[in-house]
file target24.pdb (PDB, C-alpha atoms)
ATOM      1  CA  MET A   1     -14.073 -15.780  -7.265
ATOM      2  CA  LYS A   2     -12.726 -12.258  -7.764
ATOM      3  CA  VAL A   3     -10.779 -10.559  -4.977
ATOM      4  CA  LEU A   4      -9.771  -6.929  -4.454
ATOM      5  CA  ILE A   5      -6.891  -6.263  -2.060
ATOM      6  CA  SER A   6      -6.614  -2.725  -0.697
ATOM      7  CA  ALA A   7      -3.085  -2.267   0.689
ATOM      8  CA  ASP A   8      -2.085   0.490   3.110
ATOM      9  CA  ILE A   9       1.257   0.901   4.898
ATOM     10  CA  GLU A  10       0.670   2.003   8.519
ATOM     11  CA  GLY A  11      -0.578  -1.432   9.588
ATOM     12  CA  VAL A  12       2.330  -3.320   8.024
ATOM     13  CA  ALA A  13       4.591  -5.296  10.363
ATOM     14  CA  GLY A  14       7.660  -3.285  11.337
ATOM     15  CA  VAL A  15       6.172   0.146  10.538
ATOM     16  CA  PHE A  16       5.941   2.515  13.527
ATOM     17  CA  HIS A  17       7.202   5.977  12.557
ATOM     18  CA  PRO A  18       5.850   8.590  10.119
ATOM     19  CA  GLU A  19       9.200   8.686   8.337
ATOM     20  CA  GLN A  20       8.606   5.101   7.232
ATOM     21  CA  THR A  21       5.452   6.207   5.411
ATOM     22  CA  ARG A  22       6.902   9.194   3.519
ATOM     23  CA  ALA A  23       8.864   8.996   0.292
ATOM     24  CA  GLY A  24      12.389  10.311   0.082
ATOM     25  CA  ASN A  25      14.327   8.313   2.659
ATOM     26  CA  GLY A  26      15.768   4.865   3.206
ATOM     27  CA  GLU A  27      13.288   3.875   5.925
ATOM     28  CA  TYR A  28      10.398   4.455   3.523
ATOM     29  CA  GLU A  29      12.074   2.325   0.862
ATOM     30  CA  ALA A  30      12.286  -0.566   3.318
ATOM     31  CA  ALA A  31       8.690  -0.069   4.492
ATOM     32  CA  ARG A  32       7.245   0.080   0.970
ATOM     33  CA  ARG A  33       8.966  -3.224   0.251
ATOM     34  CA  TRP A  34       7.385  -4.786   3.374
ATOM     35  CA  MET A  35       4.043  -3.327   2.255
ATOM     36  CA  THR A  36       4.472  -4.845  -1.196
ATOM     37  CA  LEU A  37       5.386  -8.247   0.179
ATOM     38  CA  GLU A  38       2.387  -8.284   2.562
ATOM     39  CA  ALA A  39       0.134  -7.466  -0.390
ATOM     40  CA  ASN A  40       1.854 -10.227  -2.338
ATOM     41  CA  ALA A  41       1.213 -12.697   0.478
ATOM     42  CA  ALA A  42      -2.495 -11.859   0.280
ATOM     43  CA  ILE A  43      -2.445 -12.287  -3.504
ATOM     44  CA  GLU A  44      -0.721 -15.659  -3.291
ATOM     45  CA  GLY A  45      -3.081 -16.859  -0.559
ATOM     46  CA  ALA A  46      -6.145 -15.768  -2.523
ATOM     47  CA  PHE A  47      -5.032 -17.689  -5.611
ATOM     48  CA  ASP A  48      -4.076 -20.716  -3.505
ATOM     49  CA  GLY A  49      -7.592 -20.650  -2.074
ATOM     50  CA  GLY A  50      -9.226 -20.678  -5.485
ATOM     51  CA  ALA A  51      -9.512 -17.056  -6.588
ATOM     52  CA  THR A  52      -9.799 -16.613 -10.334
ATOM     53  CA  GLU A  53      -8.893 -12.908 -10.512
ATOM     54  CA  VAL A  54      -7.118 -10.626  -8.045
ATOM     55  CA  TRP A  55      -6.530  -6.876  -8.090
ATOM     56  CA  VAL A  56      -4.309  -5.101  -5.583
ATOM     57  CA  ASN A  57      -5.011  -1.434  -4.939
ATOM     58  CA  ASP A  58      -2.184   0.790  -3.691
ATOM     59  CA  SER A  59      -4.051   2.666  -0.952
ATOM     60  CA  HIS A  60      -1.407   4.778   0.763
ATOM     61  CA  GLY A  61      -0.622   8.464   0.259
ATOM     62  CA  GLY A  62      -0.102   9.189  -3.416
ATOM     63  CA  PHE A  63      -1.180   5.626  -4.296
ATOM     64  CA  ARG A  64       2.173   4.769  -5.881
ATOM     65  CA  ASN A  65       4.094   2.900  -3.204
ATOM     66  CA  LEU A  66       3.800  -0.744  -4.248
ATOM     67  CA  LEU A  67       6.647  -2.285  -6.228
ATOM     68  CA  PRO A  68       4.869  -4.101  -9.072
ATOM     69  CA  ASP A  69       7.878  -6.239 -10.011
ATOM     70  CA  LEU A  70       7.671  -8.003  -6.621
ATOM     71  CA  LEU A  71       4.007  -8.942  -6.980
ATOM     72  CA  ASP A  72       2.543 -12.203  -8.212
ATOM     73  CA  ALA A  73       2.298 -11.887 -11.994
ATOM     74  CA  ARG A  74      -1.282 -13.210 -11.961
ATOM     75  CA  ALA A  75      -2.567 -10.063 -10.200
ATOM     76  CA  GLU A  76      -3.253  -6.604 -11.613
ATOM     77  CA  VAL A  77      -2.131  -3.500  -9.723
ATOM     78  CA  VAL A  78      -4.224  -0.336  -9.340
ATOM     79  CA  LEU A  79      -1.910   2.688  -8.983
ATOM     80  CA  GLY A  80      -2.051   6.488  -8.992
ATOM     81  CA  LYS A  81      -4.549   9.236  -8.248
ATOM     82  CA  PRO A  82      -6.984  10.889  -8.526
ATOM     83  CA  ARG A  83      -9.466   8.073  -8.868
ATOM     84  CA  THR A  84     -13.164   7.991  -8.099
ATOM     85  CA  LEU A  85     -13.222   5.097  -5.640
ATOM     86  CA  GLY A  86      -9.999   5.949  -3.818
ATOM     87  CA  MET A  87      -8.818   3.061  -1.636
ATOM     88  CA  MET A  88     -11.472   0.814  -3.193
ATOM     89  CA  ALA A  89     -10.630   1.431  -6.834
ATOM     90  CA  GLY A  90     -10.961  -1.963  -8.480
ATOM     91  CA  LEU A  91     -14.482  -2.619  -7.201
ATOM     92  CA  GLU A  92     -15.688  -1.583 -10.628
ATOM     93  CA  TYR A  93     -14.101  -4.745 -12.054
ATOM     94  CA  GLY A  94     -16.576  -6.937 -10.172
ATOM     95  CA  ALA A  95     -14.734  -8.132  -7.064
ATOM     96  CA  SER A  96     -16.744 -10.350  -4.723
ATOM     97  CA  LEU A  97     -14.399 -10.277  -1.725
ATOM     98  CA  VAL A  98     -12.304  -7.422  -0.335
ATOM     99  CA  PHE A  99      -9.117  -7.758   1.726
ATOM    100  CA  MET A 100      -7.827  -4.735   3.676
ATOM    101  CA  ILE A 101      -4.113  -5.309   4.244
ATOM    102  CA  GLY A 102      -1.855  -3.039   6.334
ATOM    103  CA  TYR A 103      -4.752  -0.933   7.626
ATOM    104  CA  HIS A 104      -4.662   1.179  10.796
ATOM    105  CA  ALA A 105      -6.889   2.470  13.581
ATOM    106  CA  MET A 106      -9.018   5.597  13.300
ATOM    107  CA  SER A 107      -7.954   9.104  14.235
ATOM    108  CA  GLN A 108      -7.403   9.995  17.903
ATOM    109  CA  THR A 109      -6.928   6.423  19.078
ATOM    110  CA  ARG A 110      -3.778   4.764  20.462
ATOM    111  CA  GLY A 111      -3.243   2.680  17.365
ATOM    112  CA  VAL A 112       0.073   2.835  15.549
ATOM    113  CA  LEU A 113       0.084   5.879  13.234
ATOM    114  CA  ALA A 114      -3.689   6.143  13.699
ATOM    115  CA  HIS A 115      -5.556   8.612  11.497
ATOM    116  CA  THR A 116      -8.575   8.798   9.218
ATOM    117  CA  ILE A 117      -7.893   9.556   5.542
ATOM    118  CA  ASN A 118      -5.891  12.736   6.143
ATOM    119  CA  SER A 119      -4.135  13.308   9.482
ATOM    120  CA  PHE A 120      -3.536  16.985   8.719
ATOM    121  CA  ALA A 121      -7.191  17.713   8.010
ATOM    122  CA  PHE A 122      -9.568  15.248   9.703
ATOM    123  CA  ALA A 123      -9.907  14.594  13.442
ATOM    124  CA  ARG A 124     -13.128  12.564  13.322
ATOM    125  CA  VAL A 125     -15.454  11.186  10.647
ATOM    126  CA  SER A 126     -18.936   9.833  11.385
ATOM    127  CA  PHE A 127     -21.404   8.128   9.046
ATOM    128  CA  ASN A 128     -25.007   8.299  10.237
ATOM    129  CA  GLY A 129     -23.912   8.997  13.796
ATOM    130  CA  VAL A 130     -21.262   6.260  14.009
ATOM    131  CA  GLU A 131     -17.578   7.186  14.065
ATOM    132  CA  VAL A 132     -15.665   5.412  11.321
ATOM    133  CA  GLY A 133     -12.066   4.964  10.316
ATOM    134  CA  GLU A 134     -10.840   4.159   6.831
ATOM    135  CA  ALA A 135     -12.025   0.547   7.103
ATOM    136  CA  GLY A 136     -15.534   1.701   7.986
ATOM    137  CA  VAL A 137     -15.635   4.358   5.271
ATOM    138  CA  TYR A 138     -14.378   2.075   2.531
ATOM    139  CA  GLY A 139     -16.141  -1.014   3.844
ATOM    140  CA  ALA A 140     -19.434   0.821   3.315
ATOM    141  CA  LEU A 141     -18.368   1.554  -0.249
ATOM    142  CA  ALA A 142     -17.404  -2.090  -0.861
ATOM    143  CA  GLU A 143     -20.783  -3.298   0.388
ATOM    144  CA  GLU A 144     -22.538  -0.785  -1.818
ATOM    145  CA  TYR A 145     -20.790  -2.457  -4.770
ATOM    146  CA  GLY A 146     -21.924  -5.898  -3.635
ATOM    147  CA  ALA A 147     -18.562  -7.029  -2.219
ATOM    148  CA  ARG A 148     -17.876  -8.503   1.202
ATOM    149  CA  VAL A 149     -14.999  -7.412   3.447
ATOM    150  CA  ALA A 150     -13.516 -10.804   4.317
ATOM    151  CA  LEU A 151      -9.948 -10.278   5.573
ATOM    152  CA  LEU A 152      -8.219  -7.403   7.383
ATOM    153  CA  SER A 153      -4.719  -6.968   8.803
ATOM    154  CA  GLY A 154      -3.136  -4.347  11.040
ATOM    155  CA  ASP A 155      -2.434  -3.712  14.701
ATOM    156  CA  ASP A 156      -4.483  -4.890  17.685
ATOM    157  CA  VAL A 157      -6.198  -1.519  18.213
ATOM    158  CA  PHE A 158      -7.377  -1.567  14.612
ATOM    159  CA  ALA A 159      -8.660  -5.135  14.953
ATOM    160  CA  GLU A 160     -10.517  -4.390  18.195
ATOM    161  CA  GLU A 161     -12.266  -1.272  16.888
ATOM    162  CA  THR A 162     -13.104  -2.778  13.495
ATOM    163  CA  ALA A 163     -14.251  -6.295  14.425
ATOM    164  CA  PRO A 164     -17.793  -5.223  15.408
ATOM    165  CA  ARG A 165     -18.229  -3.622  11.979
ATOM    166  CA  PHE A 166     -17.227  -6.827  10.151
ATOM    167  CA  PRO A 167     -18.180  -9.649  12.530
ATOM    168  CA  HIS A 168     -17.745 -12.405   9.936
ATOM    169  CA  ALA A 169     -14.356 -11.249   8.654
ATOM    170  CA  ARG A 170     -10.958 -12.722   9.507
ATOM    171  CA  PHE A 171      -8.347 -10.490  11.204
ATOM    172  CA  VAL A 172      -4.579 -10.891  11.192
ATOM    173  CA  VAL A 173      -2.870  -8.872  13.949
ATOM    174  CA  THR A 174       0.587  -7.963  12.664
ATOM    175  CA  LYS A 175       1.653  -5.881  15.690
ATOM    176  CA  ARG A 176       0.494  -4.649  19.082
ATOM    177  CA  ALA A 177       0.403  -0.936  19.798
ATOM    178  CA  SER A 178       1.684   0.596  23.006
ATOM    179  CA  GLY A 179       1.348   4.123  21.609
ATOM    180  CA  GLN A 180       1.098   6.183  18.436
ATOM    181  CA  THR A 181       4.638   5.331  17.371
ATOM    182  CA  SER A 182       5.568   2.314  19.500
ATOM    183  CA  GLY A 183       4.688  -1.305  20.103
ATOM    184  CA  ALA A 184       5.691  -4.901  19.432
ATOM    185  CA  THR A 185       5.623  -6.385  15.941
ATOM    186  CA  GLN A 186       5.759  -9.717  14.213
ATOM    187  CA  SER A 187       8.681 -10.104  11.868
ATOM    188  CA  PRO A 188       7.797  -9.151   8.296
ATOM    189  CA  ALA A 189       8.232 -12.792   7.272
ATOM    190  CA  GLY A 190       5.963 -14.003  10.077
ATOM    191  CA  ALA A 191       3.271 -11.464   9.210
ATOM    192  CA  ARG A 192       3.403 -12.451   5.552
ATOM    193  CA  GLU A 193       2.937 -16.125   6.360
ATOM    194  CA  ALA A 194      -0.034 -15.342   8.613
ATOM    195  CA  ILE A 195      -1.637 -13.199   5.889
ATOM    196  CA  ARG A 196      -1.001 -15.801   3.191
ATOM    197  CA  SER A 197      -2.546 -18.560   5.286
ATOM    198  CA  ALA A 198      -5.561 -16.461   6.272
ATOM    199  CA  ALA A 199      -6.197 -15.354   2.679
ATOM    200  CA  ARG A 200      -6.098 -18.956   1.473
ATOM    201  CA  GLU A 201      -8.507 -20.118   4.180
ATOM    202  CA  VAL A 202     -10.925 -17.228   3.697
ATOM    203  CA  VAL A 203     -11.286 -17.792  -0.045
ATOM    204  CA  ARG A 204     -11.622 -21.555   0.386
ATOM    205  CA  GLN A 205     -14.287 -21.131   3.067
ATOM    206  CA  HIS A 206     -16.332 -18.730   0.974
ATOM    207  CA  ILE A 207     -16.194 -21.014  -2.040
ATOM    208  CA  ALA A 208     -16.925 -24.205  -0.067
ATOM    209  CA  GLY A 209     -19.748 -22.615   1.879
ATOM    210  CA  GLY A 210     -21.323 -21.041  -1.149
ATOM    211  CA  HIS A 211     -21.078 -17.656   0.590
ATOM    212  CA  VAL A 212     -19.840 -15.832  -2.464
ATOM    213  CA  PRO A 213     -21.565 -12.460  -2.720
ATOM    214  CA  HIS A 214     -22.737 -11.346  -6.115
ATOM    215  CA  ALA A 215     -20.814  -8.275  -7.136
ATOM    216  CA  THR A 216     -23.870  -6.293  -8.137
ATOM    217  CA  ARG A 217     -24.616  -2.802  -6.897
ATOM    218  CA  ALA A 218     -26.784  -2.688  -3.807
ATOM    219  CA  GLU A 219     -29.427  -0.016  -3.405
ATOM    220  CA  ALA A 220     -27.602   3.130  -2.347
ATOM    221  CA  LYS A 221     -28.548   4.519   1.050
ATOM    222  CA  PRO A 222     -28.087   8.160   2.066
ATOM    223  CA  VAL A 223     -25.203   9.007   4.358
ATOM    224  CA  ASP A 224     -25.222  11.866   6.864
ATOM    225  CA  CYS A 225     -21.540  12.653   7.362
ATOM    226  CA  GLU A 226     -20.293  14.694  10.306
ATOM    227  CA  LEU A 227     -16.695  15.785   9.994
ATOM    228  CA  ARG A 228     -14.537  17.260  12.734
ATOM    229  CA  VAL A 229     -11.469  18.976  11.331
ATOM    230  CA  GLN A 230      -8.155  19.799  12.952
ATOM    231  CA  THR A 231      -8.386  23.619  12.850
ATOM    232  CA  SER A 232     -10.976  26.323  12.325
ATOM    233  CA  ALA A 233      -9.001  27.465   9.265
ATOM    234  CA  LEU A 234      -9.779  24.138   7.626
ATOM    235  CA  ALA A 235     -13.451  24.600   8.450
ATOM    236  CA  ASP A 236     -13.312  28.056   6.875
ATOM    237  CA  LEU A 237     -11.852  26.510   3.737
ATOM    238  CA  PHE A 238     -14.160  23.519   3.478
ATOM    239  CA  CYS A 239     -17.292  25.594   4.022
ATOM    240  CA  GLN A 240     -16.581  27.409   0.792
ATOM    241  CA  TRP A 241     -18.280  24.316  -0.604
ATOM    242  CA  PRO A 242     -21.952  25.363  -0.586
ATOM    243  CA  THR A 243     -23.385  21.963   0.364
ATOM    244  CA  LEU A 244     -21.520  21.859   3.699
ATOM    245  CA  THR A 245     -23.122  23.090   6.912
ATOM    246  CA  ARG A 246     -20.966  24.398   9.741
ATOM    247  CA  VAL A 247     -21.967  23.079  13.164
ATOM    248  CA  ASP A 248     -19.289  24.838  15.222
ATOM    249  CA  ALA A 249     -15.728  26.122  14.814
ATOM    250  CA  VAL A 250     -14.318  22.750  13.749
ATOM    251  CA  THR A 251     -17.354  20.579  12.983
ATOM    252  CA  LEU A 252     -19.061  20.326   9.600
ATOM    253  CA  ARG A 253     -21.881  18.261   8.190
ATOM    254  CA  PHE A 254     -22.953  17.214   4.736
ATOM    255  CA  GLY A 255     -25.430  14.791   3.254
ATOM    256  CA  ALA A 256     -24.539  12.301   0.532
ATOM    257  CA  ALA A 257     -26.802  10.173  -1.628
ATOM    258  CA  SER A 258     -24.589   7.105  -1.116
ATOM    259  CA  ALA A 259     -21.396   5.838   0.469
ATOM    260  CA  GLU A 260     -19.646   6.428  -2.842
ATOM    261  CA  HIS A 261     -20.683  10.075  -2.881
ATOM    262  CA  ALA A 262     -19.553  10.479   0.743
ATOM    263  CA  VAL A 263     -16.149   8.993  -0.100
ATOM    264  CA  ARG A 264     -15.770  11.256  -3.099
ATOM    265  CA  MET A 265     -16.628  14.327  -1.021
ATOM    266  CA  LEU A 266     -14.163  13.395   1.725
ATOM    267  CA  ASN A 267     -11.417  12.864  -0.827
ATOM    268  CA  CYS A 268     -12.158  16.225  -2.448
ATOM    269  CA  LEU A 269     -11.954  17.959   0.942
ATOM    270  CA  SER A 270      -8.719  16.119   1.686
ATOM    271  CA  ALA A 271      -7.255  17.424  -1.561
ATOM    272  CA  MET A 272      -8.449  20.976  -0.787
ATOM    273  CA  SER A 273      -6.637  20.898   2.560
ATOM    274  CA  PHE A 274      -3.242  20.958   0.851
ATOM    275  CA  MET A 275      -3.613  24.690   0.164
ATOM    276  CA  LEU A 276      -3.263  25.321   3.924
ATOM    277  CA  ARG A 277      -0.183  23.182   4.478
TER
END
call {"tool": "encode", "arguments": {"input": "target24.pdb", "output": "structure tokens"}}
result
Amino acid sequence: MKVLISADIEGVAGVFHPEQTRAGNGEYEAARRWMTLEANAAIEGAFDGGATEVWVNDSHGGFRNLLPDLLDARAEVVLGKPRTLGMMAGLEYGASLVFMIGYHAMSQTRGVLAHTINSFAFARVSFNGVEVGEAGVYGALAEEYGARVALLSGDDVFAEETAPRFPHARFVVTKRASGQTSGATQSPAGAREAIRSAAREVVRQHIAGGHVPHATRAEAKPVDCELRVQTSALADLFCQWPTLTRVDAVTLRFGAASAEHAVRMLNCLSAMSFMLR
């Protein structure tokens, strides 16, 4: 049983303010440690449940937040960017199960620090007419690689919006949102224990039930992506790309041959947006 853990920071217990997610201050240093230890809890639980190989993907910001010296030595860490599969880098190693740890709600919801991929650039992302957050975007990519999203953690808004997309997955609610930057949280230690226990149970259940997906590429299906951006200036910029169609001042559309191609396009547009910051 091979497991890929994609670790973000906004859904981590104790994290509520943007400053905690940005390098260069003491609050970030504390938050990245909590992020690392939640990822470690998932690693330990996966191995306790019978996993044979585990990769943990640093999936926040510049993809270099995790502290490798705090992680279980049996796991490998995927760090740095750019990389083709973004928050799902590691799928190429043949993972059967995917855990999304420390994830957050989609843009323009009341979830803690809610956004989709790039809060500066993207207001809304839809795949084939269905609005998706990062879990939906990258869950589609995982499934395309033959992996199953089996465990997710984050706040209650994230769990509520994401559960219909992954009805057979296990959710760990680490905090409850009362607004974009407020709410009630488990202690970091309590969240870690809940994640560790859930990871162990999920892996055991998949092994015992014989529900271990084969990590072979599924047939790619086309994706019609509609993207609403934050300003018309961003739309001006993105529509320099000849395959994008402008729907209105802030809405664009493009077609992709697969979920992977859609992810790669979104990440390219996200990178382009930095010229307008």
call {"tool": "residues_around", "arguments": {"input": "target24.pdb", "residues": "Gly50 (chain A)", "least_positions_apart": "5", "cutoff": "8 Å", "atoms": "only C-alpha atoms", "output": "PyMOL selection string"}}
result
chain A and resi 1+200+203-204+207
call {"tool": "residues_around", "arguments": {"input": "target24.pdb", "residues": "His261 (chain A)", "least_positions_apart": "4", "cutoff": "12 Å", "atoms": "all atoms listed in the file", "output": "PyMOL selection string"}}
result
chain A and resi 84-86+137-138+140-141+144+220-225+254-257+265-268
call {"tool": "closest_atom_pairs", "arguments": {"input": "target24.pdb", "of": "region 11-34 of chain A", "to": "region 53-70 of chain A", "cutoff": "10 Å", "atoms": "only C-alpha atoms", "output": "JSON lines"}}
result
{"residue": "A:Thr21", "atom": "CA", "partner": "A:Gly61", "partner_atom": "CA", "distance": 8.3}
{"residue": "A:Arg22", "atom": "CA", "partner": "A:Gly61", "partner_atom": "CA", "distance": 8.2}
{"residue": "A:Ala23", "atom": "CA", "partner": "A:Asn65", "partner_atom": "CA", "distance": 8.5}
{"residue": "A:Tyr28", "atom": "CA", "partner": "A:Asn65", "partner_atom": "CA", "distance": 9.3}
{"residue": "A:Glu29", "atom": "CA", "partner": "A:Asn65", "partner_atom": "CA", "distance": 9.0}
{"residue": "A:Ala31", "atom": "CA", "partner": "A:Asn65", "partner_atom": "CA", "distance": 9.4}
{"residue": "A:Arg32", "atom": "CA", "partner": "A:Asn65", "partner_atom": "CA", "distance": 5.9}
{"residue": "A:Arg33", "atom": "CA", "partner": "A:Leu67", "partner_atom": "CA", "distance": 6.9}
{"residue": "A:Trp34", "atom": "CA", "partner": "A:Leu66", "partner_atom": "CA", "distance": 9.3}
call {"tool": "atom_distance", "arguments": {"input": "target24.pdb", "atom1": "CA of Val247 (chain A)", "atom2": "CA of Met88 (chain A)"}}
result
29.6 Å
call {"tool": "atom_distance", "arguments": {"input": "target24.pdb", "atom1": "CA of Ala199 (chain A)", "atom2": "CA of His17 (chain A)"}}
result
27.1 Å
call {"tool": "closest_residue", "arguments": {"input": "target24.pdb", "among": "A:Gly139, A:Pro242, A:Pro18, A:Pro167", "to": "Ser119 (chain A)", "atoms": "only C-alpha atoms"}}
result
A:Pro18
call {"tool": "axis_aligned_box", "arguments": {"input": "target24.pdb", "around": "region 250-255 of chain A", "padding_each_side": "5 Å", "output": "JSON"}}
result
{"center_x": -19.9, "center_y": 18.8, "center_z": 8.5, "size_x": 21.1, "size_y": 18.0, "size_z": 20.5}
call {"tool": "atom_distance", "arguments": {"input": "target24.pdb", "atom1": "CA of Val202 (chain A)", "atom2": "CA of Met100 (chain A)"}}
result
12.9 Å
call {"tool": "closest_residue", "arguments": {"input": "target24.pdb", "among": "A:Ala105, A:Ile5, A:Ala121, A:Ala95", "to": "Ala135 (chain A)", "atoms": "all atoms listed in the file"}}
result
A:Ala105
call {"tool": "residues_around", "arguments": {"input": "target24.pdb", "residues": "Glu10 (chain A)", "least_positions_apart": "2", "cutoff": "7 Å", "atoms": "all atoms listed in the file", "output": "list in words"}}
result
Asp8, Val12, Val15, Gly102, Tyr103, His104 and Leu113 of chain A
call {"tool": "resolve_selection", "arguments": {"input": "target24.pdb", "expression": "the PyMOL selection byres ((chain A and resi 178) around 10)", "output": "PyMOL selection string"}}
result
chain A and resi 110-112+156-157+175-177+179-184
call {"tool": "residues_near_point", "arguments": {"input": "target24.pdb", "point": "(-4.6, -11.6, 12.7)", "cutoff": "8 Å", "atoms": "only C-alpha atoms", "output": "ChimeraX atom specification"}}
result
/A:152-154,159,170-174,194-195
call {"tool": "closest_residue", "arguments": {"input": "target24.pdb", "among": "A:Asp48, A:Glu219, A:Asp155, A:Asp248", "to": "Ala235 (chain A)", "atoms": "all atoms listed in the file"}}
result
A:Asp248
call {"tool": "residues_near_point", "arguments": {"input": "target24.pdb", "point": "(-2.0, 22.7, 11.0)", "cutoff": "12 Å", "atoms": "only C-alpha atoms", "output": "ChimeraX atom specification"}}
result
/A:118-123,229-235,273-277
call {"tool": "write_last_selection", "arguments": {"input": "target24.pdb", "atoms": "C-alpha atoms", "output": "short mmCIF file (atom, residue, chain, number, x, y, z; two decimals), in the frame of the given file"}}
result
data_model
loop_
_atom_site.label_atom_id
_atom_site.label_comp_id
_atom_site.auth_asym_id
_atom_site.auth_seq_id
_atom_site.Cartn_x
_atom_site.Cartn_y
_atom_site.Cartn_z
CA ASN A 118 -5.89 12.74 6.14
CA SER A 119 -4.14 13.31 9.48
CA PHE A 120 -3.54 16.98 8.72
CA ALA A 121 -7.19 17.71 8.01
CA PHE A 122 -9.57 15.25 9.70
CA ALA A 123 -9.91 14.59 13.44
CA VAL A 229 -11.47 18.98 11.33
CA GLN A 230 -8.15 19.80 12.95
CA THR A 231 -8.39 23.62 12.85
CA SER A 232 -10.98 26.32 12.32
CA ALA A 233 -9.00 27.46 9.26
CA LEU A 234 -9.78 24.14 7.63
CA ALA A 235 -13.45 24.60 8.45
CA SER A 273 -6.64 20.90 2.56
CA PHE A 274 -3.24 20.96 0.85
CA MET A 275 -3.61 24.69 0.16
CA LEU A 276 -3.26 25.32 3.92
CA ARG A 277 -0.18 23.18 4.48
#
call {"tool": "closest_residue", "arguments": {"input": "target24.pdb", "among": "A:Arg124, A:Arg217, A:Arg196, A:Arg264", "to": "Phe99 (chain A)", "atoms": "all atoms listed in the file"}}
result
A:Arg196
call {"tool": "closest_residue", "arguments": {"input": "target24.pdb", "among": "A:Cys239, A:Gly133, A:Glu161, A:Asn128", "to": "Ser258 (chain A)", "atoms": "all atoms listed in the file"}}
result
A:Asn128
call {"tool": "closest_residue", "arguments": {"input": "target24.pdb", "among": "A:Leu97, A:Ala208, A:Leu227, A:Ala13", "to": "Thr116 (chain A)", "atoms": "all atoms listed in the file"}}
result
A:Leu227
call {"tool": "build_atoms", "arguments": {"input": "target24.pdb", "residues": "region 219-234 of chain A", "atoms": "N, CA and C atoms", "output": "PDB file, in the coordinates of the input"}}
result
ATOM      1  N   GLU A 219     -28.708  -1.288  -3.405  1.00  0.00           N
ATOM      2  CA  GLU A 219     -29.427  -0.016  -3.405  1.00  0.00           C
ATOM      3  C   GLU A 219     -28.684   0.983  -2.532  1.00  0.00           C
ATOM      4  N   ALA A 220     -28.343   2.114  -3.090  1.00  0.00           N
ATOM      5  CA  ALA A 220     -27.602   3.130  -2.347  1.00  0.00           C
ATOM      6  C   ALA A 220     -28.471   3.717  -1.236  1.00  0.00           C
ATOM      7  N   LYS A 221     -27.851   3.912  -0.079  1.00  0.00           N
ATOM      8  CA  LYS A 221     -28.548   4.519   1.050  1.00  0.00           C
ATOM      9  C   LYS A 221     -27.889   5.847   1.396  1.00  0.00           C
ATOM     10  N   PRO A 222     -28.672   6.854   1.742  1.00  0.00           N
ATOM     11  CA  PRO A 222     -28.087   8.160   2.066  1.00  0.00           C
ATOM     12  C   PRO A 222     -27.156   8.086   3.272  1.00  0.00           C
ATOM     13  N   VAL A 223     -26.162   8.929   3.264  1.00  0.00           N
ATOM     14  CA  VAL A 223     -25.203   9.007   4.358  1.00  0.00           C
ATOM     15  C   VAL A 223     -25.189  10.439   4.883  1.00  0.00           C
ATOM     16  N   ASP A 224     -25.402  10.577   6.199  1.00  0.00           N
ATOM     17  CA  ASP A 224     -25.222  11.866   6.864  1.00  0.00           C
ATOM     18  C   ASP A 224     -23.829  11.847   7.466  1.00  0.00           C
ATOM     19  N   CYS A 225     -22.929  12.645   6.924  1.00  0.00           N
ATOM     20  CA  CYS A 225     -21.540  12.653   7.362  1.00  0.00           C
ATOM     21  C   CYS A 225     -21.269  13.868   8.239  1.00  0.00           C
ATOM     22  N   GLU A 226     -20.767  13.611   9.448  1.00  0.00           N
ATOM     23  CA  GLU A 226     -20.293  14.694  10.306  1.00  0.00           C
ATOM     24  C   GLU A 226     -18.780  14.611  10.351  1.00  0.00           C
ATOM     25  N   LEU A 227     -18.142  15.721  10.130  1.00  0.00           N
ATOM     26  CA  LEU A 227     -16.695  15.785   9.994  1.00  0.00           C
ATOM     27  C   LEU A 227     -16.126  16.808  10.965  1.00  0.00           C
ATOM     28  N   ARG A 228     -15.259  16.343  11.862  1.00  0.00           N
ATOM     29  CA  ARG A 228     -14.537  17.260  12.734  1.00  0.00           C
ATOM     30  C   ARG A 228     -13.140  17.445  12.164  1.00  0.00           C
ATOM     31  N   VAL A 229     -12.760  18.700  11.953  1.00  0.00           N
ATOM     32  CA  VAL A 229     -11.469  18.976  11.331  1.00  0.00           C
ATOM     33  C   VAL A 229     -10.469  19.452  12.382  1.00  0.00           C
ATOM     34  N   GLN A 230      -9.211  19.538  11.982  1.00  0.00           N
ATOM     35  CA  GLN A 230      -8.155  19.799  12.952  1.00  0.00           C
ATOM     36  C   GLN A 230      -8.067  21.261  13.380  1.00  0.00           C
ATOM     37  N   THR A 231      -8.477  22.195  12.518  1.00  0.00           N
ATOM     38  CA  THR A 231      -8.386  23.619  12.850  1.00  0.00           C
ATOM     39  C   THR A 231      -9.595  24.359  12.286  1.00  0.00           C
ATOM     40  N   SER A 232      -9.875  25.520  12.842  1.00  0.00           N
ATOM     41  CA  SER A 232     -10.976  26.323  12.325  1.00  0.00           C
ATOM     42  C   SER A 232     -10.657  26.855  10.927  1.00  0.00           C
ATOM     43  N   ALA A 233      -9.367  27.018  10.614  1.00  0.00           N
ATOM     44  CA  ALA A 233      -9.001  27.465   9.265  1.00  0.00           C
ATOM     45  C   ALA A 233      -9.434  26.456   8.220  1.00  0.00           C
ATOM     46  N   LEU A 234      -9.315  25.178   8.553  1.00  0.00           N
ATOM     47  CA  LEU A 234      -9.779  24.138   7.626  1.00  0.00           C
ATOM     48  C   LEU A 234     -11.297  24.201   7.466  1.00  0.00           C
TER      49      LEU A 234
END
